[in-house]
Structure formats: C-alpha cells, structure tokens
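Colleague: Just start.txt, nothing more (compact mmCIF, C-alpha atoms):
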```
# COMPACT_ATOMS: atom_id res chain seq x y z
CA ALA T 25 -91.61 -121.41 66.74
CA GLN T 26 -94.65 -119.24 66.40
CA LYS T 27 -94.37 -116.94 63.46
CA ILE T 28 -97.46 -114.80 63.85
CA THR T 29 -98.09 -112.87 67.05
CA GLN T 30 -101.33 -111.21 68.03
CA THR T 31 -100.84 -109.69 71.45
CA GLN T 32 -104.39 -108.43 72.02
CA PRO T 33 -106.68 -111.24 73.17
CA GLY T 34 -109.61 -108.82 73.26
CA MET T 35 -110.47 -105.31 72.10
CA PHE T 36 -113.43 -103.04 72.72
CA VAL T 37 -114.55 -100.23 70.48
CA GLN T 38 -117.62 -98.04 70.25
CA GLU T 39 -119.73 -98.05 67.15
CA LYS T 40 -118.50 -95.65 64.43
CA GLU T 41 -115.01 -95.41 65.88
CA ALA T 42 -111.87 -96.82 64.27
CA VAL T 43 -109.91 -99.70 65.79
CA THR T 44 -106.49 -101.20 65.12
CA LEU T 45 -105.76 -104.88 65.62
CA ASP T 46 -102.09 -105.70 65.96
CA CYS T 47 -100.14 -108.40 64.15
CA THR T 48 -96.41 -109.00 64.04
CA TYR T 49 -94.70 -111.75 62.11
CA ASP T 50 -91.35 -113.42 61.77
CA THR T 51 -89.93 -114.87 58.58
CA SER T 52 -86.63 -115.10 56.74
CA ASP T 53 -88.35 -115.59 53.40
CA PRO T 54 -88.23 -112.41 51.26
CA SER T 55 -91.46 -113.41 49.54
CA TYR T 56 -94.51 -113.83 51.74
CA GLY T 57 -98.13 -112.86 52.00
CA LEU T 58 -100.16 -111.63 54.93
CA PHE T 59 -103.88 -112.23 55.35
CA TRP T 60 -106.57 -111.17 57.77
CA TYR T 61 -109.64 -113.29 58.39
CA LYS T 62 -112.80 -112.60 60.36
CA GLN T 63 -114.59 -115.34 62.27
CA PRO T 64 -118.12 -114.48 63.46
CA SER T 65 -119.81 -116.57 66.11
CA SER T 66 -121.17 -118.81 63.34
CA GLY T 67 -117.65 -120.21 62.97
CA GLU T 68 -116.87 -119.68 59.30
CA MET T 69 -113.63 -117.86 58.51
CA ILE T 70 -114.09 -114.94 56.12
CA PHE T 71 -111.20 -113.51 54.13
CA LEU T 72 -110.84 -109.74 54.62
CA ILE T 73 -107.64 -108.40 53.14
CA TYR T 74 -104.26 -109.39 51.70
CA GLN T 75 -100.83 -107.73 51.67
CA GLY T 76 -97.91 -109.05 49.66
CA SER T 77 -94.36 -108.52 50.86
CA TYR T 78 -93.45 -106.70 47.65
CA ASP T 79 -96.55 -104.55 47.50
CA GLN T 80 -95.59 -100.88 47.53
CA GLN T 81 -98.84 -99.61 48.95
CA ASN T 82 -100.86 -100.62 51.97
CA ALA T 83 -103.83 -102.78 51.08
CA THR T 84 -107.36 -101.44 51.45
CA GLU T 85 -110.74 -103.16 51.10
CA GLY T 86 -113.67 -100.93 51.93
CA ARG T 87 -113.56 -100.15 55.65
CA TYR T 88 -110.55 -102.41 56.14
CA SER T 89 -106.99 -101.28 55.64
CA LEU T 90 -103.69 -102.86 56.46
CA ASN T 91 -100.93 -100.82 58.06
CA PHE T 92 -97.92 -102.69 56.68
CA GLN T 93 -94.56 -101.80 58.21
CA LYS T 94 -92.08 -104.17 56.65
CA ALA T 95 -89.03 -103.12 58.66
CA ARG T 96 -90.94 -103.66 61.88
CA LYS T 97 -92.52 -106.85 60.57
CA SER T 98 -95.98 -105.69 61.47
CA ALA T 99 -99.25 -105.89 59.57
CA ASN T 100 -101.94 -104.25 61.65
CA LEU T 101 -105.57 -104.30 60.56
CA VAL T 102 -107.44 -101.02 60.78
CA ILE T 103 -111.24 -101.07 60.77
CA SER T 104 -112.77 -97.66 60.22
CA ALA T 105 -116.27 -96.67 61.32
CA SER T 106 -116.89 -99.83 63.34
CA GLN T 107 -120.28 -101.49 63.10
CA LEU T 108 -122.02 -103.87 65.47
CA GLY T 109 -121.58 -106.62 62.89
CA ASP T 110 -117.80 -106.27 63.18
CA SER T 111 -117.92 -108.06 66.55
CA ALA T 112 -116.00 -111.27 65.88
CA MET T 113 -112.64 -113.00 66.20
CA TYR T 114 -109.95 -111.69 63.86
CA PHE T 115 -106.99 -113.76 62.76
CA CYS T 116 -103.79 -112.67 61.11
CA ALA T 117 -102.08 -115.28 58.92
CA MET T 118 -98.94 -115.56 56.84
CA ARG T 119 -98.02 -117.60 53.80
CA GLU T 120 -94.37 -118.42 53.20
CA ASP T 121 -92.47 -120.04 50.35
CA ALA T 122 -94.68 -118.30 47.88
CA LEU T 123 -92.27 -118.83 45.03
CA ASN T 124 -91.29 -122.38 45.85
CA THR T 125 -94.43 -124.36 46.39
CA GLY T 126 -98.04 -124.25 45.35
CA PHE T 127 -99.37 -125.48 48.64
CA GLN T 128 -100.51 -122.05 49.82
CA LYS T 129 -100.05 -123.07 53.45
CA LEU T 130 -100.95 -120.50 56.08
CA VAL T 131 -99.70 -119.98 59.62
CA PHE T 132 -102.23 -118.31 61.90
CA GLY T 133 -101.96 -116.14 64.97
CA THR T 134 -103.98 -116.77 68.11
CA GLY T 135 -106.61 -114.20 67.23
CA THR T 136 -108.14 -111.06 68.73
CA ARG T 137 -111.76 -110.91 69.84
CA LEU T 138 -113.32 -107.58 68.92
CA LEU T 139 -116.45 -106.35 70.63
CA VAL T 140 -118.25 -103.35 69.18
CA SER T 141 -120.59 -101.61 71.58
CA PRO T 142 -123.51 -99.32 70.66
CA ASP L 27 -119.14 -118.31 45.17
CA VAL L 28 -116.84 -120.91 46.64
CA LYS L 29 -118.67 -123.34 48.80
CA VAL L 30 -116.96 -125.51 51.38
CA THR L 31 -119.27 -127.74 53.34
CA GLN L 32 -118.62 -129.94 56.33
CA SER L 33 -120.74 -132.95 57.16
CA SER L 34 -121.67 -131.94 60.70
CA ARG L 35 -121.78 -128.72 62.70
CA TYR L 36 -121.80 -130.53 66.03
CA LEU L 37 -120.65 -134.03 66.91
CA VAL L 38 -120.51 -135.94 70.20
CA LYS L 39 -118.45 -139.13 70.34
CA ARG L 40 -117.16 -141.54 72.95
CA THR L 41 -113.52 -142.13 73.78
CA GLY L 42 -112.10 -144.83 71.54
CA GLU L 43 -114.61 -144.37 68.74
CA LYS L 44 -113.49 -143.95 65.14
CA VAL L 45 -114.62 -140.55 63.90
CA PHE L 46 -114.96 -139.33 60.32
CA LEU L 47 -115.18 -135.64 59.47
CA GLU L 48 -116.08 -134.96 55.87
CA CYS L 49 -115.38 -131.87 53.81
CA VAL L 50 -116.55 -131.10 50.28
CA GLN L 51 -115.69 -128.11 48.07
CA ASP L 52 -117.31 -127.20 44.79
CA MET L 53 -114.70 -124.94 43.17
CA ASP L 54 -112.33 -127.54 41.74
CA HIS L 55 -109.57 -126.49 44.14
CA GLU L 56 -106.45 -128.61 44.25
CA ASN L 57 -105.47 -127.79 47.83
CA MET L 58 -107.50 -128.85 50.83
CA PHE L 59 -106.66 -128.39 54.51
CA TRP L 60 -107.77 -129.57 57.93
CA TYR L 61 -107.21 -127.34 60.96
CA ARG L 62 -108.17 -127.56 64.57
CA GLN L 63 -108.98 -124.41 66.50
CA ASP L 64 -108.57 -124.13 70.25
CA PRO L 65 -108.93 -121.03 72.45
CA GLY L 66 -105.65 -119.22 72.85
CA LEU L 67 -103.93 -121.37 70.25
CA GLY L 68 -105.48 -120.12 67.04
CA LEU L 69 -105.71 -122.46 64.05
CA ARG L 70 -103.22 -125.27 63.75
CA LEU L 71 -102.74 -127.29 60.59
CA ILE L 72 -103.34 -131.01 60.96
CA TYR L 73 -102.98 -132.27 57.37
CA PHE L 74 -103.27 -130.91 53.88
CA SER L 75 -103.58 -132.35 50.41
CA TYR L 76 -102.62 -130.86 47.05
CA ASP L 77 -104.04 -133.58 44.81
CA VAL L 78 -106.10 -136.74 44.87
CA LYS L 79 -104.45 -139.39 47.04
CA MET L 80 -101.69 -136.95 48.01
CA LYS L 81 -101.34 -135.82 51.61
CA GLU L 82 -98.84 -133.96 53.71
CA LYS L 83 -98.55 -133.70 57.47
CA GLY L 84 -99.14 -130.36 59.05
CA ASP L 85 -97.99 -129.19 62.46
CA ILE L 86 -100.08 -131.54 64.62
CA PRO L 87 -100.81 -134.79 62.70
CA GLU L 88 -100.56 -137.15 65.67
CA GLY L 89 -103.77 -139.05 66.28
CA TYR L 90 -105.24 -138.13 62.90
CA SER L 91 -105.24 -139.48 59.38
CA VAL L 92 -106.80 -138.20 56.17
CA SER L 93 -108.20 -139.50 52.93
CA ARG L 94 -108.64 -137.85 49.56
CA GLU L 95 -110.13 -140.23 47.03
CA LYS L 96 -111.83 -137.51 44.97
CA LYS L 97 -110.70 -134.00 44.24
CA GLU L 98 -113.68 -132.36 45.89
CA ARG L 99 -113.67 -134.41 49.09
CA PHE L 100 -111.18 -134.46 51.97
CA SER L 101 -111.85 -136.56 55.04
CA LEU L 102 -110.29 -136.30 58.47
CA ILE L 103 -110.21 -139.51 60.52
CA LEU L 104 -109.72 -139.87 64.22
CA GLU L 105 -108.77 -143.54 64.51
CA SER L 106 -109.49 -143.71 68.25
CA ALA L 107 -110.96 -140.51 69.59
CA SER L 108 -109.59 -139.12 72.83
CA THR L 109 -110.84 -136.34 75.07
CA ASN L 110 -107.92 -134.10 74.09
CA GLN L 111 -109.28 -134.12 70.54
CA THR L 112 -112.33 -132.17 71.67
CA SER L 113 -112.06 -129.09 69.50
CA MET L 114 -113.39 -127.09 66.59
CA TYR L 115 -112.31 -128.56 63.25
CA LEU L 116 -112.15 -126.36 60.18
CA CYS L 117 -111.74 -127.46 56.60
CA ALA L 118 -110.44 -125.14 53.89
CA SER L 119 -109.59 -125.23 50.21
CA SER L 120 -107.57 -123.13 47.80
CA LEU L 121 -106.11 -123.12 44.34
CA TYR L 122 -102.70 -124.68 43.87
CA GLY L 123 -99.93 -122.43 42.58
CA THR L 124 -97.65 -119.54 43.36
CA ALA L 125 -100.02 -116.70 42.52
CA PRO L 126 -99.71 -114.27 45.42
CA ARG L 127 -103.26 -113.35 46.35
CA VAL L 128 -104.71 -116.82 46.78
CA SER L 129 -106.99 -117.04 49.76
CA GLN L 130 -108.15 -120.16 51.52
CA TYR L 131 -111.90 -120.66 51.68
CA PHE L 132 -113.26 -122.18 54.84
CA GLY L 133 -116.18 -124.36 55.78
CA PRO L 134 -118.44 -123.58 58.76
CA GLY L 135 -116.53 -125.85 61.11
CA THR L 136 -117.40 -128.95 63.16
CA ARG L 137 -117.47 -128.71 66.93
CA LEU L 138 -116.44 -132.13 68.21
CA LEU L 139 -116.92 -133.20 71.78
CA VAL L 140 -115.29 -136.45 72.90
CA LEU L 141 -116.63 -137.83 76.16
```
How does the structure come out when it is put into structure tokens?

Modeller:
Amino acid sequence: AQKITQTQPGMFVQEKEAVTLDCTYDTSDPSYGLFWYKQPSSGEMIFLIYQGSYDQQNATEGRYSLNFQKARKSANLVISASQLGDSAMYFCAMREDALNTGFQKLVFGTGTRLLVSP
Amino acid sequence: DVKVTQSSRYLVKRTGEKVFLECVQDMDHENMFWYRQDPGLGLRLIYFSYDVKMKEKGDIPEGYSVSREKKERFSLILESASTNQTSMYLCASSLYGTAPRVSQYFGPGTRLLVL
C-alpha cells in the first residue's frame, strides 16, 4: 500500500510568490522521518528539508519550510519567494523503522512538477 | 561534498541483452540503493545493500540482480533486458545507522531505453 501521497501532479506559481506542495503519509510507526527532495531536469535528486516525527517545531531551510501537522499526517512543503530556478519535480519521502534498523530506507511519493513563471 | 556517480547518463540496449549499471560513491557510505523512476509512479526501490556482499530486495526486484564487491561500488544487473525495463535508474547512498537526519545522496541517473 502506498504510504506517501502527493495529490498535485503539477503546480504553477509566479515568480516571487509563495507556493505549497502537499504531502500526506500513512504509518503506524511512532518514529519516522519525512524528507523533501527536488529533481531538476538534469535528473539528480537534491535533498531540501527534513522533519522528524518527534520534532517540536516545523523545519525550515532558507526559503523552504515544512508545514508539519502530525494529527493530520501531512507534511507540506512551502517555498517562499519562488524563483525561476525552483521549476522542478518535488518528491516527498518517508523513512520508517528509524529505531530498529540502520538501512535508512525511504518510500517516495509520485511527485509534483512545479513550474515558476516570470 | 558527497559524490555519487553513475557509469552512463543514457543507454540504449536490445531486448534480451545483459545490462550492467554501475554506481560509485566516494563518501564511505555503508548503504547503497537502486531505484527506478517512472512517470506517475515516483521512485520505487529495486534493491539495496548495507555492506559489502550484502543485499536486500526492495519493492520491485523481479528481473534485476545486484552486486556489491567493494564498499564504494554497487552494480545493478538486468539479466535479460525487456522493454518494460525502459526507465530512469537512480542510485543513492547513505550512512548506516539510526541517526534521524540521514539523507540519501543521489547520482545523476541513467536513462535506459530497451528496444
């Protein structure tokens, strides 16, 4: 069963505006981690931001922030002040069994393609 | 900086050929992963390895095998390539352990076309 859901196949935003990319997840493990990756047209996946299930505050990394709502099992990525270079695919991912194994396996969503227009 | 390299960016093979995809990382990571990426399906884990000569099946191992003879190198093998294996293949590596904020580092990907 799919455990990460990204319901927006594509999003458009104008330069300098903020955009929210949705991600919901499903797990019964109390300890988990949530990641967002960016994939430009070059193909390489770039790590953006991490949120742990026990973190008290929402994660922030520069223009990226994560709106973590644990009860709703959502971990939406917010990009502020969009730039043309933000045009890319964005993937949400989850790591389970954090305390049990060292494998650091990730389960990925299907991705959202973001297009930033001038 | 972590560097994960893949042997080819683009590859064209014939049905039935044996195909080798090579991945090398330079950060002494224990874990290495092979994914395939298809539109609308995201990334799906084929195999992973947490040590030399150790391998574990991922979600879609059928039709693939792997080899890890050295810590820095992880190879994906398509024993007899089929057209439904046309895809983007991504290799990744990470540290082994239960530390929470451990990210996977990805290579640039190999776009494989099987004719």

Colleague: Around range 39-55 of chain L, fit a box with edges along x, y and z, padding it by 4 Å on each side, then list its centre and edge lengths in Å to one decimal as AutoDock Vina command-line options.

Modeller:
```
--center_x -114.0 --center_y -134.9 --center_z 57.8 --size_x 16.9 --size_y 27.9 --size_z 40.0
```

Colleague: Excluding same-chain residues fewer than 6 positions from range 53-61 of chain T, what lies within 10 Å of it counting only C-alpha atoms, as an MDAnalysis selection string?

Modeller: (chainID T and resid 28 47 68:79 88 90 92 98:101 113:124 128 130:133 135) or (chainID L and resid 126:130)

Colleague: Nearest residue to chain T out of L:Arg70, L:Lys96, L:Lys81, L:Arg62, using all atoms listed in the file?

Modeller: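 With all atoms listed in the file as the atom set, the closest residue is L:Arg70.
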
Colleague: Quick one: pull the distance between CA of Gln32 in chain T and CA of Phe74 in chain L, Å, one decimal.

Modeller: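 Atom-to-atom, CA of Gln32 in chain T to CA of Phe74 in chain L, that is 28.9 Å.
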
Colleague: Which residues of chain L come within 8 Å of chain T, and for each one, what is the closest pair of atoms and their distance in Å to one decimal, counting all atoms listed in the file, sorted by chain and residue number, as a tab-separated table?

Modeller:
```
residue	atom	partner	partner_atom	distance
L:Asn57	CA	T:Phe127	CA	6.6
L:Pro65	CA	T:Thr134	CA	7.8
L:Gly66	CA	T:Thr134	CA	5.6
L:Leu67	CA	T:Thr134	CA	5.1
L:Gly68	CA	T:Thr134	CA	3.8
L:Leu69	CA	T:Phe132	CA	5.8
L:Arg70	CA	T:Phe132	CA	7.3
L:Leu71	CA	T:Val131	CA	8.0
L:Tyr76	CA	T:Phe127	CA	6.5
L:Ser120	CA	T:Gln128	CA	7.4
L:Leu121	CA	T:Gln128	CA	7.9
L:Tyr122	CA	T:Gly126	CA	4.9
L:Gly123	CA	T:Gly126	CA	3.8
L:Thr124	CA	T:Gly126	CA	5.1
L:Ala125	CA	T:Ala122	CA	7.7
L:Pro126	CA	T:Ala122	CA	6.9
L:Arg127	CA	T:Tyr74	CA	6.7
L:Val128	CA	T:Gln128	CA	7.4
L:Ser129	CA	T:Phe71	CA	7.0
L:Gln130	CA	T:Phe71	CA	7.8
L:Tyr131	CA	T:Ile70	CA	7.6
L:Phe132	CA	T:Met69	CA	5.7
L:Gly133	CA	T:Glu68	CA	5.9
L:Pro134	CA	T:Glu68	CA	4.2
L:Gly135	CA	T:Gly67	CA	6.0
```

Colleague: What is the CA of Leu47 in chain L to CA of Val140 in chain L distance in Å?

Modeller: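 Computing it gives 13.5 Å between the two atoms.
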
Colleague: Using all atoms listed in the file for the distances, tell me which of T:Lys97, T:Thr84, T:Ala42, T:Lys62 is nearest to Thr29 in chain T.

Modeller: T:Lys97

Colleague: Env of Glu95 in chain L: 9 Å cut, atoms = only C-alpha atoms, seq-sep filter 6 positions within chain, self excluded. Answer as a list of chain:residue names.

Modeller: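 Contacts, in chain order: L:Val78, L:Lys79, L:Ser101.
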